[in-house]
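*Asks:* What follows is the file entry-v5.pdb, containing PDB, C-alpha atoms and all ligand atoms:
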ATOM      1  CA  MET A1288      57.431 112.977  21.750  1.00  0.00           C
ATOM      2  CA  LYS A1289      59.437 115.373  23.927  1.00  0.00           C
ATOM      3  CA  VAL A1290      61.258 118.004  21.897  1.00  0.00           C
ATOM      4  CA  GLY A1291      64.089 120.393  22.748  1.00  0.00           C
ATOM      5  CA  ILE A1292      64.886 123.437  20.617  1.00  0.00           C
ATOM      6  CA  LEU A1293      68.273 125.156  20.312  1.00  0.00           C
ATOM      7  CA  ILE A1294      68.264 128.822  19.304  1.00  0.00           C
ATOM      8  CA  SER A1295      70.660 131.747  19.072  1.00  0.00           C
ATOM      9  CA  GLY A1296      68.376 134.617  18.069  1.00  0.00           C
ATOM     10  CA  ARG A1297      64.840 135.821  17.498  1.00  0.00           C
ATOM     11  CA  GLY A1298      63.389 132.319  17.340  1.00  0.00           C
ATOM     12  CA  SER A1299      60.612 132.773  14.814  1.00  0.00           C
ATOM     13  CA  ASN A1300      60.916 129.128  13.715  1.00  0.00           C
ATOM     14  CA  MET A1301      60.879 128.113  17.372  1.00  0.00           C
ATOM     15  CA  GLU A1302      57.684 130.140  17.763  1.00  0.00           C
ATOM     16  CA  ALA A1303      56.111 128.351  14.790  1.00  0.00           C
ATOM     17  CA  LEU A1304      56.986 125.001  16.388  1.00  0.00           C
ATOM     18  CA  ILE A1305      55.597 126.105  19.762  1.00  0.00           C
ATOM     19  CA  ARG A1306      52.357 127.292  18.189  1.00  0.00           C
ATOM     20  CA  ALA A1307      51.871 124.083  16.210  1.00  0.00           C
ATOM     21  CA  THR A1308      52.611 121.788  19.133  1.00  0.00           C
ATOM     22  CA  ALA A1309      50.234 123.694  21.412  1.00  0.00           C
ATOM     23  CA  LEU A1310      47.319 122.150  19.528  1.00  0.00           C
ATOM     24  CA  PRO A1311      45.787 119.482  21.762  1.00  0.00           C
ATOM     25  CA  ASP A1312      46.067 116.691  19.180  1.00  0.00           C
ATOM     26  CA  HIS A1313      49.739 117.351  18.422  1.00  0.00           C
ATOM     27  CA  PRO A1314      52.004 114.371  19.166  1.00  0.00           C
ATOM     28  CA  ALA A1315      55.042 116.536  20.023  1.00  0.00           C
ATOM     29  CA  LYS A1316      55.576 118.657  23.101  1.00  0.00           C
ATOM     30  CA  ILE A1317      58.316 121.287  23.429  1.00  0.00           C
ATOM     31  CA  VAL A1318      59.843 120.701  26.868  1.00  0.00           C
ATOM     32  CA  LEU A1319      62.964 122.877  26.724  1.00  0.00           C
ATOM     33  CA  VAL A1320      64.405 125.785  24.750  1.00  0.00           C
ATOM     34  CA  VAL A1321      68.163 126.298  25.064  1.00  0.00           C
ATOM     35  CA  ALA A1322      69.912 129.441  23.838  1.00  0.00           C
ATOM     36  CA  ASN A1323      73.652 129.906  23.636  1.00  0.00           C
ATOM     37  CA  ARG A1324      73.193 133.649  24.169  1.00  0.00           C
ATOM     38  CA  ALA A1325      71.355 135.364  27.012  1.00  0.00           C
ATOM     39  CA  ASP A1326      70.146 138.054  24.579  1.00  0.00           C
ATOM     40  CA  ALA A1327      68.394 135.607  22.241  1.00  0.00           C
ATOM     41  CA  GLY A1328      64.976 137.157  21.659  1.00  0.00           C
ATOM     42  CA  GLY A1329      63.327 133.747  21.441  1.00  0.00           C
ATOM     43  CA  LEU A1330      63.913 133.096  25.161  1.00  0.00           C
ATOM     44  CA  ALA A1331      61.179 135.548  26.161  1.00  0.00           C
ATOM     45  CA  THR A1332      58.791 134.097  23.581  1.00  0.00           C
ATOM     46  CA  ALA A1333      59.344 130.584  24.919  1.00  0.00           C
ATOM     47  CA  ALA A1334      58.980 131.663  28.537  1.00  0.00           C
ATOM     48  CA  ALA A1335      55.752 133.501  27.707  1.00  0.00           C
ATOM     49  CA  ALA A1336      54.438 130.240  26.270  1.00  0.00           C
ATOM     50  CA  GLY A1337      55.231 128.513  29.569  1.00  0.00           C
ATOM     51  CA  ILE A1338      58.177 126.530  28.241  1.00  0.00           C
ATOM     52  CA  ALA A1339      61.309 125.895  30.303  1.00  0.00           C
ATOM     53  CA  THR A1340      64.316 127.811  29.023  1.00  0.00           C
ATOM     54  CA  ALA A1341      68.045 127.649  29.671  1.00  0.00           C
ATOM     55  CA  VAL A1342      70.994 129.785  28.641  1.00  0.00           C
ATOM     56  CA  ILE A1343      74.117 127.767  28.003  1.00  0.00           C
ATOM     57  CA  ASP A1344      76.688 130.251  26.778  1.00  0.00           C
ATOM     58  CA  HIS A1345      79.570 128.787  24.798  1.00  0.00           C
ATOM     59  CA  ARG A1346      81.783 131.544  26.227  1.00  0.00           C
ATOM     60  CA  ASP A1347      81.298 130.144  29.738  1.00  0.00           C
ATOM     61  CA  HIS A1348      82.857 126.839  28.762  1.00  0.00           C
ATOM     62  CA  ALA A1349      86.498 125.918  28.305  1.00  0.00           C
ATOM     63  CA  ASP A1350      85.995 124.364  24.891  1.00  0.00           C
ATOM     64  CA  ARG A1351      83.371 123.092  22.501  1.00  0.00           C
ATOM     65  CA  ALA A1352      83.288 119.658  24.116  1.00  0.00           C
ATOM     66  CA  ALA A1353      82.412 121.171  27.505  1.00  0.00           C
ATOM     67  CA  PHE A1354      79.777 123.469  25.968  1.00  0.00           C
ATOM     68  CA  GLU A1355      78.157 120.600  24.124  1.00  0.00           C
ATOM     69  CA  ALA A1356      78.311 118.325  27.168  1.00  0.00           C
ATOM     70  CA  ALA A1357      76.379 120.972  29.101  1.00  0.00           C
ATOM     71  CA  MET A1358      73.731 121.194  26.382  1.00  0.00           C
ATOM     72  CA  ASP A1359      73.540 117.440  26.113  1.00  0.00           C
ATOM     73  CA  GLY A1360      73.074 117.143  29.889  1.00  0.00           C
ATOM     74  CA  ALA A1361      70.267 119.718  29.927  1.00  0.00           C
ATOM     75  CA  LEU A1362      68.460 118.061  27.014  1.00  0.00           C
ATOM     76  CA  ARG A1363      68.693 114.591  28.506  1.00  0.00           C
ATOM     77  CA  ALA A1364      67.662 115.818  31.975  1.00  0.00           C
ATOM     78  CA  ALA A1365      64.508 117.229  30.386  1.00  0.00           C
ATOM     79  CA  GLY A1366      63.795 113.870  28.754  1.00  0.00           C
ATOM     80  CA  VAL A1367      64.242 115.266  25.245  1.00  0.00           C
ATOM     81  CA  GLU A1368      63.831 112.686  22.479  1.00  0.00           C
ATOM     82  CA  LEU A1369      64.251 114.970  19.460  1.00  0.00           C
ATOM     83  CA  VAL A1370      66.335 118.143  19.121  1.00  0.00           C
ATOM     84  CA  CYS A1371      65.288 120.875  16.672  1.00  0.00           C
ATOM     85  CA  LEU A1372      67.868 123.463  15.647  1.00  0.00           C
ATOM     86  CA  ALA A1373      66.116 126.747  14.915  1.00  0.00           C
ATOM     87  CA  GLY A1374      68.574 129.469  14.005  1.00  0.00           C
ATOM     88  CA  PHE A1375      71.258 127.955  16.239  1.00  0.00           C
ATOM     89  CA  MET A1376      74.450 129.649  15.100  1.00  0.00           C
ATOM     90  CA  ARG A1377      77.151 127.366  16.539  1.00  0.00           C
ATOM     91  CA  ILE A1378      78.615 124.503  14.571  1.00  0.00           C
ATOM     92  CA  LEU A1379      78.020 121.274  16.482  1.00  0.00           C
ATOM     93  CA  GLY A1380      80.869 118.804  16.892  1.00  0.00           C
ATOM     94  CA  ASN A1381      80.871 115.202  15.745  1.00  0.00           C
ATOM     95  CA  ASP A1382      80.345 113.768  19.220  1.00  0.00           C
ATOM     96  CA  PHE A1383      77.161 115.756  19.835  1.00  0.00           C
ATOM     97  CA  VAL A1384      75.822 115.163  16.335  1.00  0.00           C
ATOM     98  CA  ASN A1385      76.562 111.451  16.414  1.00  0.00           C
ATOM     99  CA  SER A1386      75.075 110.932  19.859  1.00  0.00           C
ATOM    100  CA  TRP A1387      71.795 112.499  18.621  1.00  0.00           C
ATOM    101  CA  ARG A1388      71.940 110.781  15.247  1.00  0.00           C
ATOM    102  CA  ASP A1389      68.504 110.615  13.591  1.00  0.00           C
ATOM    103  CA  ARG A1390      67.092 112.595  16.538  1.00  0.00           C
ATOM    104  CA  LEU A1391      68.522 115.983  15.509  1.00  0.00           C
ATOM    105  CA  VAL A1392      66.959 118.151  12.799  1.00  0.00           C
ATOM    106  CA  ASN A1393      67.683 121.573  11.336  1.00  0.00           C
ATOM    107  CA  ILE A1394      66.052 124.146   9.090  1.00  0.00           C
ATOM    108  CA  HIS A1395      68.144 125.898   6.465  1.00  0.00           C
ATOM    109  CA  PRO A1396      66.967 128.751   4.217  1.00  0.00           C
ATOM    110  CA  SER A1397      67.957 127.275   0.849  1.00  0.00           C
ATOM    111  CA  LEU A1398      67.132 124.276  -1.277  1.00  0.00           C
ATOM    112  CA  LEU A1399      69.931 122.032  -0.035  1.00  0.00           C
ATOM    113  CA  PRO A1400      72.365 120.829  -1.196  1.00  0.00           C
ATOM    114  CA  ALA A1401      72.594 124.282  -2.833  1.00  0.00           C
ATOM    115  CA  PHE A1402      73.889 127.190  -0.747  1.00  0.00           C
ATOM    116  CA  LYS A1403      75.086 125.600   2.457  1.00  0.00           C
ATOM    117  CA  GLY A1404      76.489 127.926   5.101  1.00  0.00           C
ATOM    118  CA  LEU A1405      75.926 131.635   5.673  1.00  0.00           C
ATOM    119  CA  HIS A1406      74.756 134.612   3.553  1.00  0.00           C
ATOM    120  CA  VAL A1407      72.514 132.227   1.694  1.00  0.00           C
ATOM    121  CA  HIS A1408      70.092 134.697   0.089  1.00  0.00           C
ATOM    122  CA  GLU A1409      72.836 137.003  -1.121  1.00  0.00           C
ATOM    123  CA  ARG A1410      74.629 134.048  -2.684  1.00  0.00           C
ATOM    124  CA  ALA A1411      71.433 132.727  -4.286  1.00  0.00           C
ATOM    125  CA  LEU A1412      70.761 136.140  -5.856  1.00  0.00           C
ATOM    126  CA  ASP A1413      74.389 136.449  -7.012  1.00  0.00           C
ATOM    127  CA  ALA A1414      74.128 133.018  -8.631  1.00  0.00           C
ATOM    128  CA  GLY A1415      71.009 134.131 -10.480  1.00  0.00           C
ATOM    129  CA  VAL A1416      68.817 131.209  -9.413  1.00  0.00           C
ATOM    130  CA  ARG A1417      65.132 131.637 -10.282  1.00  0.00           C
ATOM    131  CA  ILE A1418      63.959 129.415  -7.460  1.00  0.00           C
ATOM    132  CA  SER A1419      65.208 129.200  -3.894  1.00  0.00           C
ATOM    133  CA  GLY A1420      63.489 127.895  -0.781  1.00  0.00           C
ATOM    134  CA  CYS A1421      64.096 126.097   2.487  1.00  0.00           C
ATOM    135  CA  THR A1422      64.929 122.632   3.763  1.00  0.00           C
ATOM    136  CA  VAL A1423      64.275 120.633   6.931  1.00  0.00           C
ATOM    137  CA  HIS A1424      66.835 117.873   7.302  1.00  0.00           C
ATOM    138  CA  TYR A1425      68.377 115.446   9.733  1.00  0.00           C
ATOM    139  CA  VAL A1426      71.778 116.670  10.868  1.00  0.00           C
ATOM    140  CA  ARG A1427      74.999 114.927   9.978  1.00  0.00           C
ATOM    141  CA  PRO A1428      78.493 116.067  11.023  1.00  0.00           C
ATOM    142  CA  GLU A1429      79.161 117.906   7.753  1.00  0.00           C
ATOM    143  CA  MET A1430      77.491 121.333   7.921  1.00  0.00           C
ATOM    144  CA  ASP A1431      74.015 121.657   6.374  1.00  0.00           C
ATOM    145  CA  SER A1432      73.990 118.085   5.164  1.00  0.00           C
ATOM    146  CA  GLY A1433      71.880 115.061   6.001  1.00  0.00           C
ATOM    147  CA  PRO A1434      68.699 113.284   4.883  1.00  0.00           C
ATOM    148  CA  ILE A1435      66.088 115.774   3.664  1.00  0.00           C
ATOM    149  CA  ILE A1436      62.652 115.617   5.321  1.00  0.00           C
ATOM    150  CA  ALA A1437      60.847 118.563   3.710  1.00  0.00           C
ATOM    151  CA  GLN A1438      61.496 121.381   1.266  1.00  0.00           C
ATOM    152  CA  ALA A1439      59.519 124.315  -0.057  1.00  0.00           C
ATOM    153  CA  ALA A1440      60.347 126.187  -3.254  1.00  0.00           C
ATOM    154  CA  VAL A1441      60.114 129.977  -3.439  1.00  0.00           C
ATOM    155  CA  PRO A1442      60.404 131.797  -6.790  1.00  0.00           C
ATOM    156  CA  VAL A1443      62.963 134.602  -6.974  1.00  0.00           C
ATOM    157  CA  ALA A1444      61.569 137.946  -8.158  1.00  0.00           C
ATOM    158  CA  ASP A1445      63.559 140.198 -10.480  1.00  0.00           C
ATOM    159  CA  ASN A1446      63.659 142.970  -7.891  1.00  0.00           C
ATOM    160  CA  ASP A1447      64.404 140.755  -4.876  1.00  0.00           C
ATOM    161  CA  THR A1448      66.957 141.852  -2.318  1.00  0.00           C
ATOM    162  CA  PRO A1449      68.440 139.395   0.194  1.00  0.00           C
ATOM    163  CA  ASP A1450      65.951 140.750   2.757  1.00  0.00           C
ATOM    164  CA  SER A1451      62.859 140.458   0.579  1.00  0.00           C
ATOM    165  CA  LEU A1452      63.782 136.931  -0.503  1.00  0.00           C
ATOM    166  CA  ALA A1453      64.578 135.970   3.099  1.00  0.00           C
ATOM    167  CA  ALA A1454      61.159 137.183   4.250  1.00  0.00           C
ATOM    168  CA  ARG A1455      59.253 135.089   1.698  1.00  0.00           C
ATOM    169  CA  ILE A1456      61.390 132.040   2.446  1.00  0.00           C
ATOM    170  CA  LEU A1457      60.921 132.520   6.198  1.00  0.00           C
ATOM    171  CA  ALA A1458      57.150 132.311   5.751  1.00  0.00           C
ATOM    172  CA  GLU A1459      57.664 128.902   4.114  1.00  0.00           C
ATOM    173  CA  GLU A1460      60.043 127.828   6.891  1.00  0.00           C
ATOM    174  CA  HIS A1461      57.264 128.490   9.384  1.00  0.00           C
ATOM    175  CA  ARG A1462      55.021 126.186   7.381  1.00  0.00           C
ATOM    176  CA  ILE A1463      57.318 123.229   6.662  1.00  0.00           C
ATOM    177  CA  TYR A1464      59.166 122.973  10.007  1.00  0.00           C
ATOM    178  CA  PRO A1465      55.991 122.286  12.017  1.00  0.00           C
ATOM    179  CA  ALA A1466      54.805 119.907   9.287  1.00  0.00           C
ATOM    180  CA  ALA A1467      58.081 117.972   9.406  1.00  0.00           C
ATOM    181  CA  LEU A1468      57.965 117.843  13.203  1.00  0.00           C
ATOM    182  CA  ARG A1469      54.451 116.428  13.082  1.00  0.00           C
ATOM    183  CA  TRP A1470      55.474 113.709  10.628  1.00  0.00           C
ATOM    184  CA  ILE A1471      58.454 112.744  12.826  1.00  0.00           C
ATOM    185  CA  ALA A1472      56.411 112.738  16.042  1.00  0.00           C
ATOM    186  CA  GLU A1473      53.763 110.609  14.386  1.00  0.00           C
ATOM    187  CA  GLY A1474      56.456 108.057  13.563  1.00  0.00           C
ATOM    188  CA  ARG A1475      55.932 108.393   9.831  1.00  0.00           C
ATOM    189  CA  VAL A1476      59.510 109.275   8.866  1.00  0.00           C
ATOM    190  CA  SER A1477      62.050 106.580   8.015  1.00  0.00           C
ATOM    191  CA  ILE A1478      65.628 107.071   6.886  1.00  0.00           C
ATOM    192  CA  TYR A1479      67.164 104.862   4.205  1.00  0.00           C
ATOM    193  CA  GLY A1480      70.783 105.869   3.707  1.00  0.00           C
ATOM    194  CA  GLU A1481      70.659 109.473   2.577  1.00  0.00           C
ATOM    195  CA  ARG A1482      66.964 109.369   1.714  1.00  0.00           C
ATOM    196  CA  VAL A1483      63.881 109.860   3.799  1.00  0.00           C
ATOM    197  CA  ARG A1484      60.544 108.197   3.221  1.00  0.00           C
ATOM    198  CA  ILE A1485      57.377 109.654   4.731  1.00  0.00           C
ATOM    199  CA  ARG A1486      54.294 107.531   5.130  1.00  0.00           C
ATOM    200  CA  ASP A1487      50.984 109.185   4.173  1.00  0.00           C
ATOM    201  CA  SER A1488      52.357 112.718   4.063  1.00  0.00           C
ATOM    202  CA  GLY A1489      50.428 113.580   0.958  1.00  0.00           C
ATOM    203  CA  CYS A1490      53.728 114.366  -0.764  1.00  0.00           C
ATOM    204  CA  GLY A1491      54.500 111.057  -2.421  1.00  0.00           C
TER     205      GLY A1491
HETATM  206  C1  LIG A1501      66.166 130.948   9.664  1.00  0.00           C
HETATM  207  O1  LIG A1501      66.207 131.538   8.390  1.00  0.00           O
HETATM  208  C2  LIG A1501      66.695 129.537   9.610  1.00  0.00           C
HETATM  209  O2  LIG A1501      66.427 128.895   8.404  1.00  0.00           O
HETATM  210  C3  LIG A1501      68.171 129.733   9.755  1.00  0.00           C
HETATM  211  O3  LIG A1501      68.307 130.802  10.664  1.00  0.00           O
HETATM  212  C4  LIG A1501      67.143 131.617  10.628  1.00  0.00           C
HETATM  213  C5  LIG A1501      66.624 131.674  12.015  1.00  0.00           C
HETATM  214  O4  LIG A1501      65.518 132.518  12.149  1.00  0.00           O
HETATM  215  N1  LIG A1501      68.797 128.513  10.157  1.00  0.00           N
HETATM  216  P1  LIG A1501      64.613 132.437  13.446  1.00  0.00           P
HETATM  217  O5  LIG A1501      65.514 132.645  14.648  1.00  0.00           O
HETATM  218  O6  LIG A1501      63.953 131.102  13.471  1.00  0.00           O
HETATM  219  O7  LIG A1501      63.631 133.562  13.307  1.00  0.00           O
END
Now that the file is in, can you turn its structure into structure tokens?
*Replies:*
Amino acid sequence: MKVGILISGRGSNMEALIRATALPDHPAKIVLVVANRADAGGLATAAAAGIATAVIDHRDHADRAAFEAAMDGALRAAGVELVCLAGFMRILGNDFVNSWRDRLVNIHPSLLPAFKGLHVHERALDAGVRISGCTVHYVRPEMDSGPIIAQAAVPVADNDTPDSLAARILAEEHRIYPAALRWIAEGRVSIYGERVRIRDSGCG
């Protein structure tokens, strides 16, 4: 399965996906990494791994529709079958999301549906939750919503700061995103309404 990744920054989740898919038996292959900023650190990481990269800067386009049409064109030209968002910091419009329906996934650093949006770790600590975590999900037009593919729970420590909690959650992100991608590429993930069923994942 040919995979495209959209990033805006350092791309550590992208790197985890690249590393996992480099294994010879892996059914997914990353064919393109697109960043909406030329200074996204992940671009160099992807290039060093021999993966095609493109910068499609939203500021170079008249409006969101034009920006998304450019991304869509690049992804389709590369033969992409599944798009992974990995720290992509632009909200995607309905047309883009709907045209990639069930072929567009995201990772979010909370246990959705709790703490959608930004400043997640700060908000989790302010709310006093004892457990946070991360979620891989199919993308629907409403932000940080859609059928959940994988989650990992991370206990909150009494002395956690947003940074310390983020670091422990990020380690789990790097574990569950490649796992979810493998399940999808192996054709084991089915969507029933808002729920996902995974065949033989070892998680029920
Ligand atoms: C991650 O925490 C991810 O969950 C969120 O943005 C962050 C991106 O980090 N969507 P990286 O660029 O993958 O290192």
*Asks:* Could you list, as a ChimeraX atom specification, every residue matched by the PyMOL selection byres (((chain A and resi 1342) around 8) and not hetatm) in this structure?
*Replies:* /A:1321-1325,1340-1341,1343-1344
*Asks:* Do you know which residues are at most 8 Å from Pro1449 (chain A) counting only C-alpha atoms, after dropping those on the same chain fewer than 5 positions away, and could you put them as a ChimeraX atom specification?
*Replies:* /A:1408-1409,1412
*Asks:* As a check of understanding, name the residues that the PyMOL selection byres (((not hetatm)) within 6 of (chain A and resi 1501)) selects in the supplied structure, as a list in words.
*Replies:*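 Matching residues under the PyMOL selection byres (((not hetatm)) within 6 of (chain A and resi 1501)) are Gly1296, Arg1297, Gly1298, Ser1299, Asn1300, Met1301, Ala1373, Gly1374, Ile1394, His1395, Pro1396 and Leu1457 of chain A.
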*Asks:* Those residues with C-alpha atoms, as a short mmCIF file (atom, residue, chain, number, x, y, z; two decimals), keeping the file's coordinate frame please?
*Replies:*
data_model
loop_
_atom_site.label_atom_id
_atom_site.label_comp_id
_atom_site.auth_asym_id
_atom_site.auth_seq_id
_atom_site.Cartn_x
_atom_site.Cartn_y
_atom_site.Cartn_z
CA GLY A 1296 68.38 134.62 18.07
CA ARG A 1297 64.84 135.82 17.50
CA GLY A 1298 63.39 132.32 17.34
CA SER A 1299 60.61 132.77 14.81
CA ASN A 1300 60.92 129.13 13.72
CA MET A 1301 60.88 128.11 17.37
CA ALA A 1373 66.12 126.75 14.92
CA GLY A 1374 68.57 129.47 14.00
CA ILE A 1394 66.05 124.15 9.09
CA HIS A 1395 68.14 125.90 6.46
CA PRO A 1396 66.97 128.75 4.22
CA LEU A 1457 60.92 132.52 6.20
#
*Asks:* Where does the PyMOL selection byres (((chain A and resi 1483) around 10) and not hetatm) land in this file, that is, which residues does it pick, as a list of chain:residue names?
*Replies:*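 Taken over the shown coordinates, the PyMOL selection byres (((chain A and resi 1483) around 10) and not hetatm) returns A:His1424, A:Tyr1425, A:Gly1433, A:Pro1434, A:Ile1435, A:Ile1436, A:Ala1437, A:Val1476, A:Ser1477, A:Ile1478, A:Tyr1479, A:Gly1480, A:Glu1481, A:Arg1482, A:Arg1484, A:Ile1485, A:Arg1486.
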*Asks:* What is the CA of Val1370 (chain A) to CA of Ser1451 (chain A) distance in Å?
*Replies:*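 Calculated distance between CA of Val1370 (chain A) and CA of Ser1451 (chain A) is 29.2 Å.
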*Asks:* For a quick check of your reading of the model, name the residues lying within 8 Å of the coordinate (61.3, 117.0, 30.9), counting only C-alpha atoms, and write them as a list in words.
*Replies:*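 Answer for this query, in the requested form: Lys1289, Val1318, Leu1319, Ala1364, Ala1365, Gly1366 and Val1367 of chain A.
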*Asks:* Pick the closest to Leu1468 (chain A) from A:Ala1352, A:Ala1439, A:Arg1417, A:Asn1393: which is it, counting only C-alpha atoms?
*Replies:*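 Ranking A:Ala1352, A:Ala1439, A:Arg1417, A:Asn1393 by distance to Leu1468 (chain A), first place goes to A:Asn1393.
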*Asks:* Could you give me, as a VMD selection string, the residues that sit within 10 Å of (62.7, 136.7, 21.4) in the file's coordinates, counting all atoms listed in the file?
*Replies:* chain A and resid 1294 to 1299 1301 to 1302 1326 to 1335
*Asks:* Quick one: everything within 10 Å of region 1452-1455 of chain A, counting all atoms listed in the file, minus sequence neighbours fewer than 3 positions away in the same chain. Send it as a PyMOL selection string.
*Replies:* chain A and resi 1396-1397+1407-1409+1411-1412+1419-1421+1441-1444+1446-1449+1458-1460
*Asks:* Box in all listed atoms of region 1447-1458 of chain A, axis-aligned, with 6 Å more on each side; write out centre and edge lengths in Å to one decimal as JSON.
*Replies:*
{"center_x": 62.8, "center_y": 136.9, "center_z": 0.7, "size_x": 23.3, "size_y": 21.8, "size_z": 23.1}
*Asks:* Quick check, in Å to one decimal: how far apart do CA of Arg1346 (chain A) and CA of Asn1381 (chain A) lie?
*Replies:* 19.4 Å
*Asks:* How many Å separate CA of Leu1304 (chain A) from CA of Asp1389 (chain A)?
*Replies:*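 Straight-line distance from CA of Leu1304 (chain A) to CA of Asp1389 (chain A) works out to 18.6 Å.
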*Asks:* Name the closest residue to Ile1317 (chain A) among the candidates A:Ala1356, A:Lys1403, A:Asn1385, A:Pro1465; distances are taken between atoms, counting only C-alpha atoms.
*Replies:*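 Between A:Ala1356, A:Lys1403, A:Asn1385, A:Pro1465, the residue approaching Ile1317 (chain A) most closely is A:Pro1465.
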*Asks:* Calculated over all atoms listed in the file, which of the candidates A:Pro1428, A:Gly1291, A:Pro1400, A:Gly1415 has the smallest distance to Ile1338 (chain A)?
*Replies:*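 Among the listed residues, A:Gly1291 lies closest to Ile1338 (chain A).
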*Asks:* In terms of the shortest atom-to-atom distance over only C-alpha atoms, which of A:Ala1339, A:Ala1349, A:Arg1410, A:Leu1391 is closest to Ser1432 (chain A)?
*Replies:*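 Nearest candidate to Ser1432 (chain A) out of A:Ala1339, A:Ala1349, A:Arg1410, A:Leu1391: A:Leu1391.
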*Asks:* From the set A:Ser1386, A:Asp1450, A:Leu1293, A:Val1423, which residue has the shortest atom-to-atom contact distance to Tyr1464 (chain A), counting only C-alpha atoms?
*Replies:*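 Of all the options, A:Val1423 lies closest to Tyr1464 (chain A).
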